[in-house]
>>> print(open('work24.txt').read())   # compact mmCIF, C-alpha atoms
# COMPACT_ATOMS: atom_id res chain seq x y z
CA MET A 66 -31.45 -166.33 154.51
CA ARG A 67 -29.81 -164.23 151.85
CA PRO A 68 -31.74 -161.18 150.56
CA LEU A 69 -33.84 -161.53 147.45
CA SER A 70 -31.55 -159.23 145.48
CA GLU A 71 -28.81 -161.87 145.60
CA TYR A 72 -31.07 -164.57 144.19
CA VAL A 73 -32.45 -162.52 141.31
CA ASN A 74 -28.90 -161.75 140.13
CA LEU A 75 -27.35 -165.19 140.43
CA PRO A 76 -24.55 -165.82 137.88
CA PHE A 77 -26.46 -168.85 136.58
CA LEU A 78 -29.38 -166.62 135.60
CA TRP A 79 -27.01 -164.25 133.79
CA VAL A 80 -25.59 -167.20 131.85
CA CYS A 81 -29.13 -168.21 130.85
CA ALA A 82 -29.92 -164.64 129.76
CA LEU A 83 -26.76 -164.40 127.66
CA GLY A 84 -27.55 -167.81 126.14
CA VAL A 85 -31.01 -166.64 125.11
CA PHE A 86 -29.67 -163.55 123.37
CA ALA A 87 -26.92 -165.57 121.70
CA VAL A 88 -29.62 -167.78 120.17
CA ILE A 89 -31.62 -164.72 119.08
CA ILE A 90 -28.56 -163.18 117.39
CA LEU A 91 -27.74 -166.49 115.68
CA GLN A 92 -31.33 -166.80 114.40
CA THR A 93 -31.20 -163.25 113.07
CA VAL A 94 -28.00 -163.94 111.15
CA ILE A 95 -29.47 -167.15 109.70
CA TYR A 96 -32.70 -165.44 108.60
CA VAL A 97 -30.89 -162.49 107.03
CA ARG A 98 -28.58 -164.78 105.08
CA ALA A 99 -31.54 -166.91 103.98
CA ALA A 100 -33.41 -163.82 102.79
CA ARG A 101 -30.42 -162.64 100.79
CA THR A 102 -30.07 -166.10 99.22
CA ALA A 103 -33.75 -166.54 98.34
CA GLY A 104 -34.40 -162.91 97.37
CA PRO A 105 -33.08 -163.00 93.78
CA ASP A 106 -35.14 -166.13 93.01
CA LEU A 107 -38.27 -164.25 94.12
CA GLY A 108 -37.50 -161.16 92.07
CA PHE A 109 -36.06 -159.07 94.92
CA THR A 110 -33.08 -156.92 94.09
CA LYS A 111 -30.37 -156.00 96.59
CA GLU A 112 -31.98 -152.57 96.91
CA ASP A 113 -35.36 -154.18 97.69
CA LEU A 114 -33.78 -156.33 100.40
CA ARG A 115 -31.90 -153.37 101.86
CA ARG A 116 -35.10 -151.32 101.96
CA SER A 117 -36.99 -154.21 103.57
CA PHE A 118 -34.37 -154.67 106.29
CA LYS A 119 -34.34 -150.94 106.97
CA SER A 120 -38.14 -150.75 107.13
CA GLY A 121 -38.30 -153.70 109.51
CA GLY A 122 -35.62 -152.22 111.76
CA ILE A 123 -37.30 -148.82 111.91
CA ALA A 124 -40.75 -150.30 112.49
CA ALA A 125 -39.35 -152.28 115.43
CA ILE A 126 -38.18 -149.14 117.24
CA GLY A 127 -41.64 -148.18 118.53
CA PRO A 128 -42.61 -151.59 119.94
CA SER A 129 -39.07 -151.99 121.31
CA LEU A 130 -39.40 -148.76 123.27
CA ALA A 131 -42.60 -150.09 124.81
CA VAL A 132 -40.82 -153.32 125.76
CA VAL A 133 -37.96 -151.33 127.32
CA VAL A 134 -40.39 -149.34 129.45
CA VAL A 135 -42.06 -152.57 130.62
CA ALA A 136 -38.69 -154.18 131.32
CA ILE A 137 -37.64 -151.24 133.52
CA ALA A 138 -40.90 -151.53 135.45
CA LEU A 139 -40.32 -155.26 136.05
CA LEU A 140 -36.68 -154.94 137.17
CA PRO A 141 -37.48 -154.36 140.88
CA LEU A 142 -39.61 -157.53 140.92
CA PHE A 143 -37.59 -160.05 138.95
CA GLY A 144 -34.10 -158.62 138.51
CA ALA A 145 -32.19 -158.01 135.28
CA PRO A 146 -31.43 -161.64 134.22
CA ALA A 147 -35.01 -162.90 134.59
CA VAL A 148 -36.47 -159.86 132.82
CA LEU A 149 -34.00 -160.20 129.95
CA VAL A 150 -34.79 -163.90 129.54
CA ARG A 151 -38.56 -163.51 129.60
CA ILE A 152 -38.80 -160.31 127.55
CA GLY A 153 -36.25 -161.67 125.09
CA LEU A 154 -38.27 -164.82 124.46
CA VAL A 155 -41.89 -163.69 124.66
CA GLY A 156 -42.02 -159.91 125.04
CA SER A 157 -45.54 -159.82 126.47
CA ALA A 158 -45.56 -158.15 129.86
CA ALA A 159 -49.22 -159.03 130.37
CA THR A 160 -48.53 -162.75 129.84
CA GLU A 161 -45.44 -162.77 132.04
CA THR A 162 -46.91 -160.85 134.95
CA SER A 163 -50.15 -162.85 134.83
CA SER A 164 -48.26 -166.12 135.08
CA ALA A 165 -46.09 -164.80 137.91
CA ASN A 166 -49.08 -163.32 139.77
CA LEU A 167 -51.02 -166.60 139.59
CA ALA A 168 -48.02 -168.54 140.85
CA ALA A 169 -47.44 -166.08 143.70
CA GLY A 170 -51.12 -166.26 144.62
CA THR A 171 -50.86 -170.00 145.21
CA MET A 172 -48.37 -169.17 147.98
CA ASP A 173 -50.53 -166.40 149.48
CA ALA A 174 -48.18 -163.70 148.20
CA GLU A 175 -48.36 -160.74 145.83
CA LEU A 176 -45.85 -159.48 143.32
CA GLY A 177 -43.54 -157.09 145.15
CA GLY A 178 -45.58 -157.35 148.36
CA ALA A 179 -44.58 -158.34 151.86
CA GLY A 180 -44.68 -162.02 150.98
CA TRP A 181 -42.37 -161.62 147.96
CA THR A 182 -39.64 -163.96 149.25
CA PRO A 183 -36.92 -165.87 147.37
CA GLU A 184 -39.12 -168.99 147.45
CA VAL A 185 -42.07 -167.13 145.90
CA PHE A 186 -39.75 -165.58 143.30
CA ALA A 187 -38.47 -169.02 142.32
CA VAL A 188 -42.00 -170.39 141.90
CA ALA A 189 -43.14 -167.32 139.94
CA PHE A 190 -40.09 -167.43 137.68
CA LEU A 191 -40.66 -171.14 137.05
CA ALA A 192 -44.29 -170.45 136.13
CA MET A 193 -43.22 -167.72 133.73
CA SER A 194 -40.64 -170.01 132.13
CA LEU A 195 -43.09 -172.90 131.76
CA SER A 196 -45.67 -170.57 130.22
CA GLY A 197 -43.21 -169.25 127.65
CA GLY A 198 -41.70 -172.68 126.98
CA LEU A 199 -45.04 -174.34 126.32
CA TRP A 200 -46.06 -171.43 124.09
CA MET A 201 -42.97 -171.99 121.94
CA LEU A 202 -43.54 -175.75 121.95
CA ALA A 203 -47.12 -175.24 120.74
CA THR A 204 -45.83 -172.96 118.00
CA LEU A 205 -43.29 -175.59 116.94
CA ILE A 206 -45.98 -178.28 116.72
CA LEU A 207 -48.80 -176.25 115.18
CA THR A 208 -46.78 -174.34 112.57
CA PRO A 209 -46.30 -177.36 110.24
CA MET A 210 -50.03 -178.12 110.51
CA LEU A 211 -50.95 -174.56 109.61
CA LYS A 212 -48.50 -174.67 106.72
CA ARG A 213 -50.29 -177.69 105.26
CA GLY A 214 -53.59 -175.84 105.55
CA ASP A 215 -52.03 -172.82 103.86
CA THR A 216 -50.87 -175.00 100.95
CA LYS A 217 -54.35 -176.50 100.49
CA LEU A 218 -56.03 -173.08 100.55
CA ARG A 219 -53.59 -171.71 98.00
CA SER A 220 -54.37 -174.61 95.68
CA VAL A 221 -58.09 -173.84 95.94
CA ASN A 222 -57.93 -170.04 95.78
CA PRO A 223 -54.52 -168.28 95.71
CA ALA A 224 -56.10 -164.86 96.19
CA LEU A 225 -57.65 -166.02 99.48
CA MET A 226 -54.26 -166.40 101.17
CA ALA A 227 -53.41 -162.84 100.18
CA ILE A 228 -56.40 -161.64 102.19
CA VAL A 229 -56.45 -164.01 105.18
CA PRO A 230 -53.03 -163.04 106.68
CA SER A 231 -53.80 -159.32 106.42
CA ALA A 232 -57.26 -159.79 107.90
CA ALA A 233 -55.88 -161.93 110.75
CA LEU A 234 -53.19 -159.36 111.55
CA LEU A 235 -55.72 -156.52 111.47
CA ALA A 236 -58.11 -158.47 113.71
CA ALA A 237 -55.36 -159.30 116.21
CA PHE A 238 -54.28 -155.68 116.64
CA ALA A 239 -57.88 -154.46 116.65
CA SER A 240 -58.79 -156.92 119.42
CA LEU A 241 -55.87 -155.69 121.52
CA GLY A 242 -56.96 -152.09 121.02
CA VAL A 243 -60.64 -152.75 121.74
CA ALA A 244 -59.73 -154.66 124.92
CA GLU A 245 -58.13 -151.48 126.30
CA LEU A 246 -61.16 -149.23 125.76
CA PRO A 247 -63.31 -150.38 128.73
CA LYS A 248 -60.43 -149.77 131.17
CA GLY A 249 -60.99 -146.02 131.39
CA SER A 250 -60.97 -142.68 129.64
CA VAL A 251 -57.16 -142.56 129.51
CA HIS A 252 -57.11 -145.79 127.52
CA VAL A 253 -59.74 -144.48 125.11
CA ILE A 254 -57.82 -141.24 124.56
CA THR A 255 -54.54 -143.11 124.09
CA VAL A 256 -55.94 -145.59 121.56
CA ALA A 257 -57.74 -142.85 119.62
CA THR A 258 -54.67 -140.61 119.56
CA SER A 259 -52.38 -143.43 118.40
CA ALA A 260 -54.82 -144.40 115.63
CA LEU A 261 -55.16 -140.77 114.53
CA VAL A 262 -51.39 -140.23 114.43
CA MET A 263 -50.89 -143.42 112.40
CA ALA A 264 -53.62 -142.34 109.96
CA VAL A 265 -52.01 -138.90 109.57
CA CYS A 266 -48.63 -140.53 108.89
CA LEU A 267 -50.15 -142.72 106.16
CA VAL A 268 -51.93 -139.76 104.53
CA LEU A 269 -48.77 -137.63 104.60
CA THR A 270 -46.82 -140.55 103.14
CA LYS A 271 -48.94 -140.44 99.99
CA ARG A 272 -49.26 -136.66 99.70
CA LEU A 273 -45.59 -135.90 100.37
CA ASP A 274 -44.31 -139.03 98.61
CA ALA A 275 -42.29 -139.85 101.74
CA PRO A 276 -42.02 -143.64 102.21
CA TRP A 277 -39.84 -143.12 105.27
CA LEU A 278 -42.84 -141.65 107.08
CA ARG A 279 -44.71 -144.95 106.69
CA GLU A 280 -41.70 -146.77 108.10
CA TRP A 281 -41.57 -144.48 111.13
CA GLY A 282 -45.35 -144.28 111.53
CA LEU A 283 -45.71 -147.10 114.05
CA GLY A 284 -42.92 -145.80 116.26
CA ILE A 285 -44.24 -142.23 116.09
CA SER A 286 -47.79 -143.29 116.98
CA ILE A 287 -46.60 -145.33 119.97
CA ILE A 288 -44.40 -142.54 121.32
CA VAL A 289 -47.16 -139.94 120.92
CA GLY A 290 -49.62 -142.35 122.56
CA LEU A 291 -47.31 -142.79 125.56
CA ILE A 292 -46.90 -139.01 125.92
CA VAL A 293 -50.65 -138.45 125.73
CA ALA A 294 -51.28 -141.22 128.29
CA TYR A 295 -48.75 -139.64 130.67
CA PHE A 296 -50.36 -136.19 130.52
CA ALA A 297 -53.87 -137.67 130.67
CA HIS A 298 -52.97 -139.43 133.93
CA GLY A 299 -51.42 -136.24 135.21
CA ALA A 300 -54.64 -134.38 134.42
CA GLY A 301 -56.58 -136.77 136.67
CA LEU A 302 -58.38 -138.64 133.92
CA GLY A 303 -57.29 -142.04 135.23
CA PRO A 304 -59.46 -144.34 137.35
CA ALA A 305 -60.15 -143.31 140.90
CA ALA A 306 -57.76 -144.73 143.48
>>> encode(input="work24.txt", output="structure tokens")
Amino acid sequence: MRPLSEYVNLPFLWVCALGVFAVIILQTVIYVRAARTAGPDLGFTKEDLRRSFKSGGIAAIGPSLAVVVVAIALLPLFGAPAVLVRIGLVGSAATETSSANLAAGTMDAELGGAGWTPEVFAVAFLAMSLSGGLWMLATLILTPMLKRGDTKLRSVNPALMAIVPSAALLAAFASLGVAELPKGSVHVITVATSALVMAVCLVLTKRLDAPWLREWGLGISIIVGLIVAYFAHGAGLGPAA
């Protein structure tokens, strides 16, 4: 039997990975062109669109760094093609590893353990792919339904739909943060530090009249949070082994 390293780097998997990123690049081009076309009709100037694209790109740096760190950690388990495909489509390391771990458990194996054979890898990778594929299928089906509900709510109370998306986004991120708190003191310190840094960035944005600081705030808070988490673990504040 060939070693696992040969299976995780099969040319077919590289073709799939390149295909995924080709689709992502194509979608990006389509969305950017659509925004530039629809912008003037909505009152957006070219400067507004340029500032929006720049803000979005800068705000994506912080989360992207987190994804890169996760991808590097998953490389020994799944290989470069599989990690690129899964991270490129979903981006949630918790979702991907949970699916793979459950699949490996059905074959009495653990991720990266002694039983991590090519057969277990194939089953785990299939489970990850099915999980991500069904998630996208559900999004494709449910989005039109949610859009109809959005239209009805706007007809009843337009101001309501200005509040609901912001509240939903705030609740989603808050739930993710709160879920980390019971895991240990390091998680508490990291969440609190990241929130404090983001708050400081927002305050300085207003006082210094520096909009760029708001754009970089998310990335700065994530990087500072990672640094604090690293030193907190080094100081022995993590859970007992």
>>> atom_distance(input="work24.txt", atom1="atom CA of Ser259 of chain A", atom2="atom CA of Leu291 of chain A")
8.8 Å
>>> closest_residue(input="work24.txt", among="A:Glu112, A:Asp215, A:Glu175, A:Glu245", to="Leu142 of chain A", atoms="only C-alpha atoms")
A:Glu175
>>> closest_residue(input="work24.txt", among="A:Ser120, A:Ser250, A:Ser70, A:Ser164", to="Ser194 of chain A", atoms="all atoms listed in the file")
A:Ser164
>>> residues_around(input="work24.txt", residues="Glu71 of chain A", least_positions_apart="3", cutoff="12 Å", atoms="all atoms listed in the file", output="list in words")
Met66, Arg67, Pro68, Asn74, Leu75, Pro76, Phe77, Leu78, Phe143, Gly144, Ala145, Pro146, Thr182, Pro183 and Phe186 of chain A
>>> residues_around(input="work24.txt", residues="segment 148-152 of chain A", least_positions_apart="4", cutoff="8 Å", atoms="all atoms listed in the file", output="list in words")
Cys81, Ala82, Val85, Val132, Ala136, Leu139, Leu140, Phe143, Gly144, Gly156, Ser157, Ala158, Glu161, Met193, Ser194 and Gly197 of chain A
>>> write_last_selection(input="work24.txt", atoms="C-alpha atoms", output="PDB file, in the coordinates of the input")
ATOM      1  CA  CYS A  81     -29.130-168.210 130.850  1.00  0.00           C
ATOM      2  CA  ALA A  82     -29.920-164.640 129.760  1.00  0.00           C
ATOM      3  CA  VAL A  85     -31.010-166.640 125.110  1.00  0.00           C
ATOM      4  CA  VAL A 132     -40.820-153.320 125.760  1.00  0.00           C
ATOM      5  CA  ALA A 136     -38.690-154.180 131.320  1.00  0.00           C
ATOM      6  CA  LEU A 139     -40.320-155.260 136.050  1.00  0.00           C
ATOM      7  CA  LEU A 140     -36.680-154.940 137.170  1.00  0.00           C
ATOM      8  CA  PHE A 143     -37.590-160.050 138.950  1.00  0.00           C
ATOM      9  CA  GLY A 144     -34.100-158.620 138.510  1.00  0.00           C
ATOM     10  CA  GLY A 156     -42.020-159.910 125.040  1.00  0.00           C
ATOM     11  CA  SER A 157     -45.540-159.820 126.470  1.00  0.00           C
ATOM     12  CA  ALA A 158     -45.560-158.150 129.860  1.00  0.00           C
ATOM     13  CA  GLU A 161     -45.440-162.770 132.040  1.00  0.00           C
ATOM     14  CA  MET A 193     -43.220-167.720 133.730  1.00  0.00           C
ATOM     15  CA  SER A 194     -40.640-170.010 132.130  1.00  0.00           C
ATOM     16  CA  GLY A 197     -43.210-169.250 127.650  1.00  0.00           C
TER      17      GLY A 197
END
>>> closest_residue(input="work24.txt", among="A:Ile95, A:Leu283, A:Leu167, A:Leu246", to="Ser196 of chain A", atoms="only C-alpha atoms")
A:Leu167
>>> atom_distance(input="work24.txt", atom1="atom CA of Lys119 of chain A", atom2="atom CA of Trp277 of chain A")
9.7 Å
>>> residues_around(input="work24.txt", residues="segment 114-118 of chain A", least_positions_apart="5", cutoff="12 Å", atoms="all atoms listed in the file", output="mmCIF file with C-alpha atoms, in the coordinates of the input")
data_model
loop_
_atom_site.group_PDB
_atom_site.id
_atom_site.type_symbol
_atom_site.label_atom_id
_atom_site.label_comp_id
_atom_site.auth_asym_id
_atom_site.auth_seq_id
_atom_site.Cartn_x
_atom_site.Cartn_y
_atom_site.Cartn_z
ATOM 1 C CA THR A 93 -31.200 -163.250 113.070
ATOM 2 C CA TYR A 96 -32.700 -165.440 108.600
ATOM 3 C CA VAL A 97 -30.890 -162.490 107.030
ATOM 4 C CA ARG A 98 -28.580 -164.780 105.080
ATOM 5 C CA ALA A 99 -31.540 -166.910 103.980
ATOM 6 C CA ALA A 100 -33.410 -163.820 102.790
ATOM 7 C CA ARG A 101 -30.420 -162.640 100.790
ATOM 8 C CA THR A 102 -30.070 -166.100 99.220
ATOM 9 C CA ALA A 103 -33.750 -166.540 98.340
ATOM 10 C CA GLY A 104 -34.400 -162.910 97.370
ATOM 11 C CA PRO A 105 -33.080 -163.000 93.780
ATOM 12 C CA LEU A 107 -38.270 -164.250 94.120
ATOM 13 C CA GLY A 108 -37.500 -161.160 92.070
ATOM 14 C CA PHE A 109 -36.060 -159.070 94.920
ATOM 15 C CA ILE A 123 -37.300 -148.820 111.910
ATOM 16 C CA ALA A 124 -40.750 -150.300 112.490
ATOM 17 C CA ALA A 125 -39.350 -152.280 115.430
ATOM 18 C CA PRO A 276 -42.020 -143.640 102.210
ATOM 19 C CA TRP A 277 -39.840 -143.120 105.270
ATOM 20 C CA GLU A 280 -41.700 -146.770 108.100
#
>>> closest_residue(input="work24.txt", among="A:Ile287, A:Leu235, A:Ala275, A:Val80", to="Ala260 of chain A", atoms="all atoms listed in the file")
A:Ile287
>>> closest_residue(input="work24.txt", among="A:Thr270, A:Ser220, A:Thr258, A:Thr110", to="Ile288 of chain A", atoms="all atoms listed in the file")
A:Thr258
>>> atom_distance(input="work24.txt", atom1="atom CA of Ala224 of chain A", atom2="atom CA of Ala236 of chain A")
18.8 Å
